[in-house]
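Q: Next comes entry-v9.tsv, TSV, C-alpha atoms:
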```tsv
chain	number	residue	atom	x	y	z
H	1	MET	CA	1.69	17.08	12.05
H	2	SER	CA	0.76	14.18	14.32
H	3	ALA	CA	1.96	15.73	17.56
H	4	GLY	CA	2.45	14.13	20.93
H	5	PRO	CA	4.74	11.70	22.68
H	6	GLY	CA	5.14	8.02	21.92
H	7	PRO	CA	6.24	5.87	18.99
H	8	ALA	CA	5.48	7.37	15.59
H	9	ASP	CA	3.65	4.31	14.27
H	10	ARG	CA	1.30	4.29	17.25
H	11	ARG	CA	0.61	8.00	16.82
H	12	VAL	CA	-0.11	7.51	13.13
H	13	LEU	CA	-2.45	4.61	13.87
H	14	ALA	CA	-4.33	6.47	16.60
H	15	GLY	CA	-4.74	9.53	14.39
H	16	ALA	CA	-5.82	7.48	11.37
H	17	LEU	CA	-8.48	5.59	13.34
H	18	ARG	CA	-9.74	8.82	14.87
H	19	TRP	CA	-10.09	10.34	11.41
H	20	VAL	CA	-11.74	7.25	9.91
H	21	GLU	CA	-14.31	7.11	12.68
H	22	ALA	CA	-15.09	10.81	12.29
H	23	ASN	CA	-15.49	10.47	8.52
H	24	LEU	CA	-17.24	7.12	8.11
H	25	GLU	CA	-20.19	8.72	6.28
H	26	TRP	CA	-17.92	9.54	3.32
H	27	PHE	CA	-17.23	5.85	2.68
H	28	ALA	CA	-20.86	5.43	1.58
H	29	PRO	CA	-21.04	5.60	-2.25
H	30	GLY	CA	-23.98	8.00	-2.21
H	31	ARG	CA	-22.25	10.46	0.10
H	32	TRP	CA	-19.02	10.26	-1.92
H	33	GLU	CA	-20.88	11.05	-5.13
H	34	GLU	CA	-22.42	14.24	-3.76
H	35	PHE	CA	-19.09	16.02	-4.33
H	36	LEU	CA	-16.61	13.52	-5.81
H	37	PRO	CA	-16.52	11.72	-9.19
H	38	ARG	CA	-18.43	8.45	-9.36
H	39	ARG	CA	-16.07	5.46	-9.14
H	40	PRO	CA	-16.27	2.48	-11.53
H	41	PHE	CA	-16.76	0.20	-8.49
H	42	ARG	CA	-18.87	2.45	-6.30
H	43	PRO	CA	-18.10	0.80	-2.91
H	44	GLY	CA	-14.32	0.85	-3.56
H	45	PRO	CA	-13.41	2.90	-0.46
H	46	LEU	CA	-15.67	0.66	1.65
H	47	LEU	CA	-13.87	-2.40	0.31
H	48	GLU	CA	-10.55	-0.95	1.46
H	49	LEU	CA	-12.08	-0.07	4.83
H	50	LEU	CA	-13.32	-3.64	5.39
H	51	GLY	CA	-9.82	-4.93	4.61
H	52	LEU	CA	-8.51	-2.68	7.38
H	53	VAL	CA	-11.28	-3.77	9.76
H	54	ARG	CA	-10.26	-7.40	9.22
H	55	VAL	CA	-6.60	-6.69	9.96
H	56	LEU	CA	-7.44	-4.55	13.01
H	57	ASP	CA	-9.61	-7.34	14.40
H	58	ARG	CA	-6.97	-9.99	13.70
H	59	ALA	CA	-4.29	-7.87	15.38
H	60	GLY	CA	-6.43	-7.22	18.45
H	61	VAL	CA	-6.41	-3.47	17.81
H	62	VAL	CA	-10.12	-2.92	17.12
H	63	ALA	CA	-12.56	-5.82	17.48
H	64	LYS	CA	-15.04	-6.43	14.67
H	65	ASP	CA	-17.89	-5.79	17.11
H	66	ALA	CA	-16.47	-2.42	18.22
H	67	PRO	CA	-18.43	0.71	17.21
H	68	LEU	CA	-16.08	1.71	14.38
H	69	ALA	CA	-16.16	-1.77	12.84
H	70	ARG	CA	-19.91	-2.16	13.30
H	71	ARG	CA	-20.61	1.14	11.54
H	72	ALA	CA	-18.25	0.23	8.71
H	73	LEU	CA	-19.99	-3.12	8.29
H	74	ASP	CA	-23.40	-1.45	8.35
H	75	LEU	CA	-22.34	0.83	5.49
H	76	ALA	CA	-20.90	-2.09	3.51
H	77	GLU	CA	-24.01	-4.19	4.09
H	78	ASP	CA	-26.18	-1.31	2.90
H	79	ALA	CA	-24.06	-0.95	-0.24
H	80	ALA	CA	-24.23	-4.68	-0.97
H	81	GLY	CA	-27.98	-4.59	-0.48
H	82	GLU	CA	-28.58	-2.04	-3.23
H	83	ALA	CA	-30.14	-3.32	-6.43
H	84	GLU	CA	-27.34	-1.70	-8.42
H	85	PHE	CA	-24.76	-3.81	-6.59
H	86	ALA	CA	-26.60	-7.03	-7.45
H	87	ARG	CA	-26.94	-5.96	-11.09
H	88	GLY	CA	-23.24	-5.13	-11.26
H	89	LEU	CA	-22.32	-8.46	-9.72
H	90	ARG	CA	-24.47	-10.42	-12.18
H	91	ARG	CA	-22.78	-8.71	-15.12
H	92	GLY	CA	-19.64	-10.69	-14.25
H	93	ASP	CA	-17.46	-8.09	-15.92
H	94	GLU	CA	-14.05	-6.58	-15.17
H	95	LEU	CA	-15.31	-5.49	-11.73
H	96	PHE	CA	-16.45	-8.97	-10.70
H	97	PRO	CA	-13.45	-9.65	-8.40
H	98	TYR	CA	-14.33	-6.58	-6.32
H	99	HIS	CA	-17.98	-7.58	-6.01
H	100	LEU	CA	-16.85	-11.03	-4.87
H	101	ASN	CA	-14.36	-9.55	-2.42
H	102	LEU	CA	-16.94	-7.29	-0.76
H	103	VAL	CA	-19.35	-10.21	-0.31
H	104	ALA	CA	-16.51	-12.38	1.02
H	105	LEU	CA	-15.25	-9.79	3.49
H	106	LEU	CA	-18.75	-9.21	4.82
H	107	GLU	CA	-19.00	-12.93	5.55
H	108	VAL	CA	-15.53	-13.14	7.08
H	109	LEU	CA	-16.49	-10.28	9.39
H	110	GLY	CA	-19.78	-11.83	10.46
H	111	ARG	CA	-22.26	-10.34	7.97
H	112	PRO	CA	-22.94	-13.18	5.50
H	113	GLN	CA	-24.89	-12.48	2.31
H	114	PRO	CA	-26.02	-15.97	1.23
H	115	ARG	CA	-27.85	-14.97	-1.96
H	116	LEU	CA	-25.00	-12.82	-3.20
H	117	ARG	CA	-22.49	-15.47	-2.20
H	118	ALA	CA	-24.31	-18.08	-4.27
H	119	VAL	CA	-24.20	-15.77	-7.31
H	120	CYS	CA	-20.48	-15.16	-6.71
H	121	GLY	CA	-19.81	-18.89	-6.61
H	122	GLU	CA	-21.67	-19.52	-9.86
H	123	LEU	CA	-19.94	-16.69	-11.69
H	124	LEU	CA	-16.51	-17.72	-10.39
H	125	ALA	CA	-17.06	-21.32	-11.50
H	126	ALA	CA	-18.07	-20.06	-14.95
H	127	ASP	CA	-15.02	-17.76	-15.11
H	128	ALA	CA	-17.24	-14.77	-15.74
H	129	GLY	CA	-15.13	-11.98	-17.21
H	130	GLY	CA	-12.35	-14.40	-18.15
H	131	HIS	CA	-10.31	-13.38	-15.12
H	132	CYS	CA	-8.78	-16.85	-14.74
H	133	ARG	CA	-7.33	-17.03	-18.24
H	134	ALA	CA	-3.57	-17.35	-18.54
H	135	TYR	CA	-3.33	-14.29	-20.79
H	136	LYS	CA	-4.76	-12.03	-18.09
H	137	PRO	CA	-2.26	-9.93	-16.08
H	138	VAL	CA	-0.77	-11.98	-13.28
H	139	LEU	CA	-1.55	-9.43	-10.56
H	140	GLY	CA	-5.26	-9.56	-11.40
H	141	ARG	CA	-5.26	-13.36	-11.23
H	142	LEU	CA	-3.26	-13.31	-7.98
H	143	GLU	CA	-5.74	-10.83	-6.54
H	144	LEU	CA	-8.76	-12.93	-7.52
H	145	ARG	CA	-7.20	-16.11	-6.14
H	146	TYR	CA	-6.47	-14.35	-2.84
H	147	PHE	CA	-10.03	-12.99	-2.63
H	148	ALA	CA	-11.47	-16.42	-3.43
H	149	ASP	CA	-9.28	-18.30	-0.96
H	150	ARG	CA	-9.89	-15.77	1.81
H	151	GLY	CA	-13.62	-15.99	1.23
H	152	GLY	CA	-13.72	-19.79	1.14
H	153	PHE	CA	-14.73	-20.04	-2.53
H	154	THR	CA	-13.68	-22.95	-4.72
H	155	ALA	CA	-11.43	-21.54	-7.43
H	156	PRO	CA	-11.77	-22.80	-11.02
H	157	ALA	CA	-9.18	-25.37	-12.07
H	158	ARG	CA	-7.67	-22.99	-14.60
H	159	LEU	CA	-6.82	-20.44	-11.89
H	160	PRO	CA	-3.43	-21.47	-10.45
H	161	ASP	CA	-2.79	-21.55	-6.72
H	162	LEU	CA	-1.57	-18.46	-4.89
H	163	GLY	CA	2.06	-19.59	-4.76
H	164	THR	CA	2.27	-20.27	-8.49
H	165	LEU	CA	0.76	-16.90	-9.31
H	166	TYR	CA	3.03	-15.11	-6.87
H	167	ARG	CA	6.10	-16.63	-8.53
H	168	GLY	CA	5.04	-14.98	-11.78
H	169	SER	CA	4.59	-11.56	-10.19
H	170	VAL	CA	6.96	-8.61	-10.29
H	171	ALA	CA	7.90	-9.17	-6.65
H	172	ALA	CA	9.33	-12.62	-7.39
H	173	LEU	CA	11.08	-11.81	-10.67
H	174	ASP	CA	14.07	-9.80	-9.39
H	175	PRO	CA	12.80	-6.37	-10.48
H	176	ASP	CA	15.16	-3.60	-11.51
H	177	VAL	CA	14.97	-1.49	-8.38
H	178	LEU	CA	16.34	1.55	-10.19
H	179	GLN	CA	13.70	1.63	-12.91
H	180	LEU	CA	10.48	0.38	-11.36
H	181	THR	CA	7.64	2.74	-12.24
H	182	ALA	CA	5.06	3.81	-9.67
H	183	SER	CA	2.50	1.37	-11.11
H	184	GLU	CA	5.05	-1.45	-11.02
H	185	THR	CA	5.90	-0.60	-7.42
H	186	TYR	CA	2.21	-0.74	-6.52
H	187	ALA	CA	2.06	-4.13	-8.26
H	188	LEU	CA	4.98	-5.31	-6.12
H	189	THR	CA	3.43	-4.13	-2.85
H	190	HIS	CA	0.07	-5.71	-3.64
H	191	ALA	CA	1.63	-9.01	-4.70
H	192	LEU	CA	3.29	-9.10	-1.29
H	193	PHE	CA	0.06	-8.13	0.48
H	194	TYR	CA	-1.73	-11.10	-1.06
H	195	ALA	CA	1.10	-13.65	-0.86
H	196	THR	CA	1.68	-12.88	2.82
H	197	ASP	CA	-1.99	-12.22	3.74
H	198	PHE	CA	-0.96	-8.78	4.92
H	199	ALA	CA	2.14	-9.84	6.87
H	200	ARG	CA	0.57	-13.01	8.29
H	201	ARG	CA	2.58	-15.69	6.44
H	202	ARG	CA	5.83	-16.09	4.47
H	203	ASP	CA	5.71	-19.66	3.22
H	204	LEU	CA	4.94	-18.67	-0.38
H	205	LEU	CA	7.94	-16.36	-0.76
H	206	GLY	CA	10.67	-18.97	-1.16
H	207	GLY	CA	13.75	-19.65	0.96
H	208	ALA	CA	15.68	-17.34	3.24
H	209	GLY	CA	17.88	-16.11	0.40
H	210	GLU	CA	14.91	-15.08	-1.71
H	211	VAL	CA	13.27	-13.32	1.22
H	212	ALA	CA	16.52	-11.46	1.96
H	213	ARG	CA	16.82	-10.38	-1.70
H	214	LEU	CA	13.25	-9.20	-1.75
H	215	ARG	CA	13.67	-7.34	1.51
H	216	GLY	CA	16.68	-5.56	0.08
H	217	THR	CA	14.55	-4.45	-2.86
H	218	VAL	CA	11.79	-3.24	-0.56
H	219	ARG	CA	14.32	-1.30	1.55
H	220	VAL	CA	15.71	0.52	-1.48
H	221	LEU	CA	12.20	1.39	-2.68
H	222	LEU	CA	11.23	2.47	0.83
H	223	GLY	CA	14.20	4.82	1.01
H	224	ALA	CA	13.48	6.18	-2.47
H	225	GLN	CA	9.90	7.03	-1.51
H	226	LEU	CA	11.16	8.64	1.69
H	227	VAL	CA	13.49	10.83	-0.37
H	228	ARG	CA	10.73	11.69	-2.83
H	229	GLY	CA	8.05	12.28	-0.20
H	230	GLY	CA	5.71	9.64	-1.64
H	231	LEU	CA	3.63	8.90	1.44
H	232	ASP	CA	1.24	6.46	-0.24
H	233	LEU	CA	3.90	4.01	-1.39
H	234	LEU	CA	5.92	4.74	1.74
H	235	ALA	CA	3.08	3.34	3.87
H	236	GLU	CA	2.59	0.32	1.61
H	237	LEU	CA	6.32	-0.47	1.59
H	238	LEU	CA	6.45	-0.24	5.39
H	239	LEU	CA	3.80	-2.96	5.50
H	240	CYS	CA	5.86	-5.04	3.05
H	241	ASP	CA	8.97	-4.57	5.17
H	242	THR	CA	7.12	-5.92	8.19
H	243	ALA	CA	5.87	-8.86	6.13
H	244	LEU	CA	9.48	-9.77	5.31
H	245	GLU	CA	10.76	-9.61	8.88
H	246	HIS	CA	11.73	-12.77	10.73
H	247	PRO	CA	9.61	-13.45	12.60
H	248	PRO	CA	7.02	-11.16	11.00
H	249	GLY	CA	6.49	-7.97	12.95
H	250	ALA	CA	9.57	-8.43	15.13
H	251	GLY	CA	11.33	-5.33	13.81
H	252	PRO	CA	14.08	-4.81	11.23
H	253	ALA	CA	17.45	-6.37	11.76
H	254	GLY	CA	20.50	-4.14	11.81
H	255	ALA	CA	21.07	-0.50	12.65
H	256	THR	CA	20.55	0.69	9.08
H	257	GLY	CA	17.16	-0.98	8.84
H	258	ASP	CA	16.14	0.31	12.24
H	259	ALA	CA	17.05	3.87	11.31
H	260	LEU	CA	15.37	3.70	7.89
H	261	VAL	CA	12.09	2.37	9.32
H	262	TYR	CA	12.23	4.95	12.11
H	263	ASP	CA	12.72	7.75	9.57
H	264	ALA	CA	9.86	6.48	7.41
H	265	TRP	CA	7.43	6.39	10.32
H	266	ALA	CA	8.63	9.79	11.47
H	267	ALA	CA	7.87	11.15	7.99
H	268	LEU	CA	4.32	9.77	8.09
H	269	ALA	CA	3.75	11.19	11.57
H	270	GLU	CA	5.15	14.57	10.54
H	271	ALA	CA	2.98	14.71	7.41
H	272	ALA	CA	-0.27	13.73	9.16
H	273	ARG	CA	-2.86	16.47	9.43
H	274	PRO	CA	-4.04	17.57	12.90
H	275	ASP	CA	-7.23	15.55	12.33
H	276	GLY	CA	-5.17	12.37	11.79
H	277	ALA	CA	-5.52	12.04	8.01
H	278	VAL	CA	-2.36	11.26	6.05
H	279	PRO	CA	-2.33	13.18	2.74
H	280	SER	CA	-1.92	11.38	-0.57
H	281	PRO	CA	0.40	12.70	-3.31
H	282	VAL	CA	-2.55	14.51	-4.94
H	283	HIS	CA	-3.60	16.41	-1.82
H	284	ARG	CA	-2.94	20.15	-1.97
H	285	ALA	CA	-3.31	22.14	1.23
H	286	GLU	CA	-3.83	25.36	-0.73
H	287	VAL	CA	-6.79	23.84	-2.58
H	288	TRP	CA	-8.35	22.65	0.66
H	289	ALA	CA	-7.83	26.11	2.20
H	290	GLY	CA	-10.02	27.62	-0.52
H	291	LEU	CA	-12.96	25.36	0.29
H	292	ASP	CA	-15.35	25.24	3.19
H	293	GLY	CA	-18.07	23.09	4.71
H	294	ALA	CA	-18.93	19.80	3.04
H	295	LYS	CA	-16.82	20.60	-0.03
H	296	ALA	CA	-13.72	20.91	2.14
H	297	ALA	CA	-14.55	17.68	3.96
H	298	ALA	CA	-15.11	15.87	0.67
H	299	TYR	CA	-11.80	17.14	-0.72
H	300	VAL	CA	-9.88	15.92	2.32
H	301	PHE	CA	-11.59	12.56	2.18
H	302	GLY	CA	-11.01	12.04	-1.52
H	303	THR	CA	-7.33	13.02	-1.34
H	304	CYS	CA	-6.45	11.39	1.98
H	305	TYR	CA	-8.52	8.28	2.63
H	306	HIS	CA	-6.36	5.73	0.77
H	307	THR	CA	-3.01	6.85	2.22
H	308	THR	CA	-4.57	7.06	5.68
H	309	LEU	CA	-5.89	3.48	5.43
H	310	ALA	CA	-2.52	2.26	4.10
H	311	ALA	CA	-0.71	3.89	7.02
H	312	ALA	CA	-3.16	2.34	9.49
H	313	LEU	CA	-2.66	-1.09	7.92
H	314	ALA	CA	1.13	-0.74	8.10
H	315	ALA	CA	0.93	0.21	11.78
H	316	ALA	CA	-1.60	-2.49	12.68
H	317	VAL	CA	0.51	-5.40	11.39
H	318	ARG	CA	3.51	-4.48	13.52
H	319	SER	CA	3.93	-6.62	16.63
H	320	GLY	CA	5.80	-3.88	18.48
H	321	PRO	CA	6.19	-0.11	18.25
H	322	VAL	CA	9.09	1.62	16.56
H	323	PRO	CA	11.56	3.18	19.00
H	324	VAL	CA	10.80	6.58	20.47
H	325	GLU	CA	14.39	7.69	19.81
H	326	ARG	CA	16.17	7.24	16.49
H	327	PRO	CA	18.40	4.12	16.59
H	328	PRO	CA	22.11	4.36	15.75
H	329	GLY	CA	22.76	4.43	12.04
H	330	PRO	CA	23.71	6.59	9.11
H	331	PRO	CA	22.30	10.13	8.93
H	332	PRO	CA	18.78	10.44	7.55
H	333	LEU	CA	18.49	10.36	3.78
H	334	PRO	CA	18.51	13.86	2.27
H	335	GLN	CA	16.00	15.35	-0.12
H	336	ALA	CA	16.70	14.54	-3.76
H	337	GLU	CA	18.72	17.69	-4.41
H	338	PRO	CA	22.34	17.47	-5.61
H	339	ARG	CA	23.75	19.79	-2.92
H	340	ASP	CA	21.89	17.94	-0.18
H	341	VAL	CA	23.16	14.59	-1.49
H	342	ALA	CA	26.75	15.84	-1.58
H	343	ARG	CA	26.48	17.26	1.94
H	344	TRP	CA	24.94	14.01	3.19
H	345	ALA	CA	27.71	11.92	1.58
H	346	GLY	CA	30.29	13.80	3.63
H	347	GLU	CA	28.55	12.70	6.82
H	348	VAL	CA	28.22	8.99	5.96
H	349	SER	CA	30.70	6.43	7.22
H	350	GLY	CA	32.81	4.66	4.63
H	351	ALA	CA	31.46	1.35	5.98
H	352	ALA	CA	27.95	2.17	4.76
H	353	GLY	CA	26.56	-0.44	2.40
H	354	PRO	CA	24.26	-0.18	-0.63
H	355	GLU	CA	21.14	0.02	1.52
H	356	VAL	CA	22.33	3.49	2.56
H	357	TRP	CA	23.00	5.13	-0.83
H	358	ALA	CA	20.96	2.97	-3.25
H	359	PRO	CA	17.66	4.76	-2.45
H	360	LEU	CA	19.19	8.02	-3.70
H	361	LEU	CA	20.21	6.37	-6.96
H	362	ALA	CA	16.72	4.90	-7.35
H	363	ALA	CA	15.02	8.23	-6.59
H	364	GLY	CA	17.21	10.03	-9.11
H	365	VAL	CA	16.73	7.45	-11.87
H	366	GLN	CA	12.97	7.28	-11.29
H	367	ARG	CA	12.74	11.07	-11.66
H	368	ARG	CA	15.18	11.10	-14.59
H	369	ASP	CA	17.10	13.71	-12.61
H	370	THR	CA	20.62	13.49	-13.99
H	371	GLU	CA	22.08	15.84	-11.39
H	372	VAL	CA	20.77	13.75	-8.50
H	373	VAL	CA	21.95	10.53	-10.17
H	374	ALA	CA	25.42	12.03	-10.66
H	375	ALA	CA	25.57	13.21	-7.05
H	376	ALA	CA	24.41	9.80	-5.75
H	377	LEU	CA	26.96	8.03	-7.95
H	378	ALA	CA	29.71	10.27	-6.59
H	379	ALA	CA	28.56	9.45	-3.05
H	380	ALA	CA	28.56	5.69	-3.69
H	381	GLN	CA	31.96	5.81	-5.39
H	382	GLY	CA	33.37	7.97	-2.60
H	383	LEU	CA	32.23	5.35	-0.09
H	384	GLY	CA	34.14	2.68	-1.99
H	385	HIS	CA	31.22	1.07	-3.85
H	386	GLY	CA	32.16	1.96	-7.41
H	387	ASP	CA	32.13	-1.71	-8.42
H	388	ASP	CA	28.63	-2.40	-7.12
H	389	PRO	CA	26.26	-3.59	-9.90
H	390	LEU	CA	23.71	-0.90	-9.02
H	391	VAL	CA	26.36	1.79	-9.42
H	392	GLY	CA	27.37	0.36	-12.79
H	393	ALA	CA	23.74	0.22	-13.96
H	394	ALA	CA	23.06	3.81	-12.89
H	395	ALA	CA	26.28	5.04	-14.48
H	396	ALA	CA	25.36	3.33	-17.75
H	397	LEU	CA	21.93	4.97	-17.73
H	398	LEU	CA	23.44	8.37	-17.01
H	399	ALA	CA	25.89	7.98	-19.90
H	400	ALA	CA	23.09	6.83	-22.22
H	401	TRP	CA	20.91	9.80	-21.31
H	402	ALA	CA	23.82	12.17	-21.96
H	403	GLY	CA	24.53	10.54	-25.31
H	404	ALA	CA	20.92	10.75	-26.38
H	405	GLY	CA	21.09	14.54	-26.45
H	406	PRO	CA	18.21	16.96	-25.80
```
Show the structure stored in the file as structure tokens.

A:
Amino acid sequence: MSAGPGPADRRVLAGALRWVEANLEWFAPGRWEEFLPRRPFRPGPLLELLGLVRVLDRAGVVAKDAPLARRALDLAEDAAGEAEFARGLRRGDELFPYHLNLVALLEVLGRPQPRLRAVCGELLAADAGGHCRAYKPVLGRLELRYFADRGGFTAPARLPDLGTLYRGSVAALDPDVLQLTASETYALTHALFYATDFARRRDLLGGAGEVARLRGTVRVLLGAQLVRGGLDLLAELLLCDTALEHPPGAGPAGATGDALVYDAWAALAEAARPDGAVPSPVHRAEVWAGLDGAKAAAYVFGTCYHTTLAAALAAAVRSGPVPVERPPGPPPLPQAEPRDVARWAGEVSGAAGPEVWAPLLAAGVQRRDTEVVAAALAAAQGLGHGDDPLVGAAAALLAAWAGAGP
């Protein structure tokens, strides 16, 4: 638990940065590989760390010349200077966008690599790896365009602009909030990261109506992850929620939104380890307890670093802290258990809208838990929302599952 007074997001951020600084050595590919499986793109964790360093510097939280940032940049510069990195870059294969992004981030943060940059530019112009082709997945093309634009590279003519690519992404295509898979939800969060430059802009998202629709989707997904205890996506969706605020970072509008965001940050703070790390869904405390020394440290790093960085990013982009006390609103969402849902429904005001009960429907459908779906449907219908399209869609799924038999 992240103990102590103060807003939950600030406690999470302070703990995450404390943990990152204490564990910087594990971001080095060689140190990682002493105990953890080799990654296809060896400096992957360093790439994520540099993305955080950029946002921290931009937000005025940690300057890029501060000790933490300097040490992170030293590690990244060392990784980029290895002969294996240059060989991997020159292959121009499926990992090319990540090579380009590391070189670009080093330059953005004051550590230019002119020789590597020249190679990146040549390979990008030649469309090495075919990443710009129209048949490639849209998220990969959106990602490459964002990396190229952020790094000041000239994109090939066949790679559409960021706005065009965003409009073909899952985030812009009115996704079925009840049936998004985990991988599709990650695709949605990352499309929003790139289109908004991590909560910096909103001009590519469309008009106010489209932003409001998208924010409603993000809120339902945020609540569903809160119910399911999915801290990794919970952190990413909190960042997306901030990106969709008006103005960005100002805080959610309405009591329901305030309470939901408060509860989500409280969950992250509660789940944080005493050392500040935020566990990922694959972290198991009982496994860690059976290890010691460097093996224990490696296990914590491998199972916590991504969620911890995501939580730090989500906190860093906020312009103000979440409230210390829970704002007025409906009672906190229950765990996805039928009895808990039924008990919760009895405490909710009849004026509660879909943003209150829809996360329970989504959590139940995503888990294919018919009892939870039935309980959430009963709650929505009891609150007078039986004619809502989401209720109808969930009811149809429940009936289809029942008709399909064992």

Q: Between atom CA of H:Arg111 and atom CA of H:Ala312, what is the distance in Å, rounded to a tenth?

A: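 Rounded to one decimal, the two atoms are 23.0 Å apart.
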
Q: Any chance you could tabulate, as CSV, the residues of stretch 290-358 of chain H at most 6 Å from stretch 212-234 of chain H with each one's nearest atom pair and distance in Å to one decimal, using all atoms listed in the file, in chain and rising number order?

A:
```
residue,atom,partner,partner_atom,distance
H:Thr307,CA,H:Asp232,CA,4.9
H:Gln335,CA,H:Val227,CA,5.2
H:Ala336,CA,H:Val227,CA,6.0
```

Q: Once you have the residues from the selection above, write them out as an mmCIF file, in the coordinates of the input, restricted to C-alpha atoms.

A:
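Done, and the output landed in again24.cif:
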```
data_model
loop_
_atom_site.group_PDB
_atom_site.id
_atom_site.type_symbol
_atom_site.label_atom_id
_atom_site.label_comp_id
_atom_site.auth_asym_id
_atom_site.auth_seq_id
_atom_site.Cartn_x
_atom_site.Cartn_y
_atom_site.Cartn_z
ATOM 1 C CA THR H 307 -3.010 6.850 2.220
ATOM 2 C CA GLN H 335 16.000 15.350 -0.120
ATOM 3 C CA ALA H 336 16.700 14.540 -3.760
#
```

Q: Take atom CA of H:Gly382 and atom CA of H:Ala259 and report the distance between them in Å, one decimal.

A: 21.8 Å

Q: Just give me the gap between atom CA of H:Asp388 and atom CA of H:Pro354 in Å, one decimal is fine.

A: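 Pair atom CA of H:Asp388 / atom CA of H:Pro354 returns 8.1 Å.
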
Q: Leaving out H:Arg202 and any residue of its chain fewer than 6 positions from it, which residues lie within 8 Å of it when counting all atoms listed in the file, given as a ChimeraX atom specification?

A: /H:195-196,243-244

Q: Return the single residue from H:Leu56, H:Ala277, H:Leu205, H:Leu144 that is closest to H:Pro160, with distances computed using all atoms listed in the file.

A: H:Leu144

Q: Which of these, H:Arg150, H:Arg201, H:Lys136, H:Arg141, has the shortest distance to H:Thr164 once you count all atoms listed in the file?

A: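 Closest candidate: H:Arg141.
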
Q: Go through H:Glu270, H:Glu286, H:Glu77, H:Glu34 and flag the residue nearest H:Glu107, using only C-alpha atoms for the distances.

A: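 The closest residue to H:Glu107 is H:Glu77.
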
Q: Set the distance at 12 Å and use only C-alpha atoms: which residues neighbour H:Ala379 once local chain neighbours fewer than 5 positions away are removed? I'd like the list as an mmCIF file with C-alpha atoms, in the frame of the given file.

A:
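Wrote it out as part-v8.cif, contents follow:
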```
data_model
loop_
_atom_site.group_PDB
_atom_site.id
_atom_site.type_symbol
_atom_site.label_atom_id
_atom_site.label_comp_id
_atom_site.auth_asym_id
_atom_site.auth_seq_id
_atom_site.Cartn_x
_atom_site.Cartn_y
_atom_site.Cartn_z
ATOM 1 C CA PRO H 338 22.340 17.470 -5.610
ATOM 2 C CA ARG H 339 23.750 19.790 -2.920
ATOM 3 C CA ASP H 340 21.890 17.940 -0.180
ATOM 4 C CA VAL H 341 23.160 14.590 -1.490
ATOM 5 C CA ALA H 342 26.750 15.840 -1.580
ATOM 6 C CA ARG H 343 26.480 17.260 1.940
ATOM 7 C CA TRP H 344 24.940 14.010 3.190
ATOM 8 C CA ALA H 345 27.710 11.920 1.580
ATOM 9 C CA GLY H 346 30.290 13.800 3.630
ATOM 10 C CA GLU H 347 28.550 12.700 6.820
ATOM 11 C CA VAL H 348 28.220 8.990 5.960
ATOM 12 C CA SER H 349 30.700 6.430 7.220
ATOM 13 C CA GLY H 350 32.810 4.660 4.630
ATOM 14 C CA ALA H 352 27.950 2.170 4.760
ATOM 15 C CA GLY H 353 26.560 -0.440 2.400
ATOM 16 C CA PRO H 354 24.260 -0.180 -0.630
ATOM 17 C CA VAL H 356 22.330 3.490 2.560
ATOM 18 C CA TRP H 357 23.000 5.130 -0.830
ATOM 19 C CA ALA H 358 20.960 2.970 -3.250
ATOM 20 C CA PRO H 359 17.660 4.760 -2.450
ATOM 21 C CA LEU H 360 19.190 8.020 -3.700
ATOM 22 C CA LEU H 361 20.210 6.370 -6.960
ATOM 23 C CA VAL H 372 20.770 13.750 -8.500
ATOM 24 C CA VAL H 373 21.950 10.530 -10.170
ATOM 25 C CA ALA H 374 25.420 12.030 -10.660
ATOM 26 C CA GLY H 384 34.140 2.680 -1.990
ATOM 27 C CA HIS H 385 31.220 1.070 -3.850
ATOM 28 C CA GLY H 386 32.160 1.960 -7.410
ATOM 29 C CA VAL H 391 26.360 1.790 -9.420
#
```

Q: With distances taken over only C-alpha atoms, which residue among H:Leu139, H:Val317, H:Ala199, H:Val261 lies nearest H:Thr185?

A: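 Among H:Leu139, H:Val317, H:Ala199, H:Val261, it is H:Leu139 that comes nearest to H:Thr185.
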
Q: For H:Gly44, which of H:Ala311, H:Cys240, H:Ala316, H:Leu95 is the closest residue, counting all atoms listed in the file?

A: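 Of the candidates, the smallest distance to H:Gly44 is held by H:Leu95.
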
Q: Need the shell around H:Arg31: protein/DNA/RNA residues with any atom at most 12 Å away, counting all atoms listed in the file. Skip same-chain ones fewer than 3 positions apart. Format as a PyMOL selection string?

A: chain H and resi 23-28+34-38+42-43+45-46+75+79+294-295+297-298+301-302

Q: Give me, as an MDAnalysis selection string, all polymer residues having an atom no more than 7 Å from stretch 114-126 of chain H, counting only C-alpha atoms and skipping those fewer than 2 positions away in the same chain.

A: chainID H and resid 92 100 103 112 128 153 155:156

Q: Find, counting only C-alpha atoms, the residue in H:Val62, H:Pro328, H:Ala187, H:Gln113 that gets nearest to H:Ala86.

A: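 Comparing H:Val62, H:Pro328, H:Ala187, H:Gln113 against H:Ala86, the winner is H:Gln113.
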
Q: Do you know which residues are at most 12 Å from H:Arg11 counting all atoms listed in the file, after dropping those on the same chain fewer than 5 positions away, and could you put them as a ChimeraX atom specification?

A: /H:1-6,16-18,265-278,311-312,315-316,321-322,324
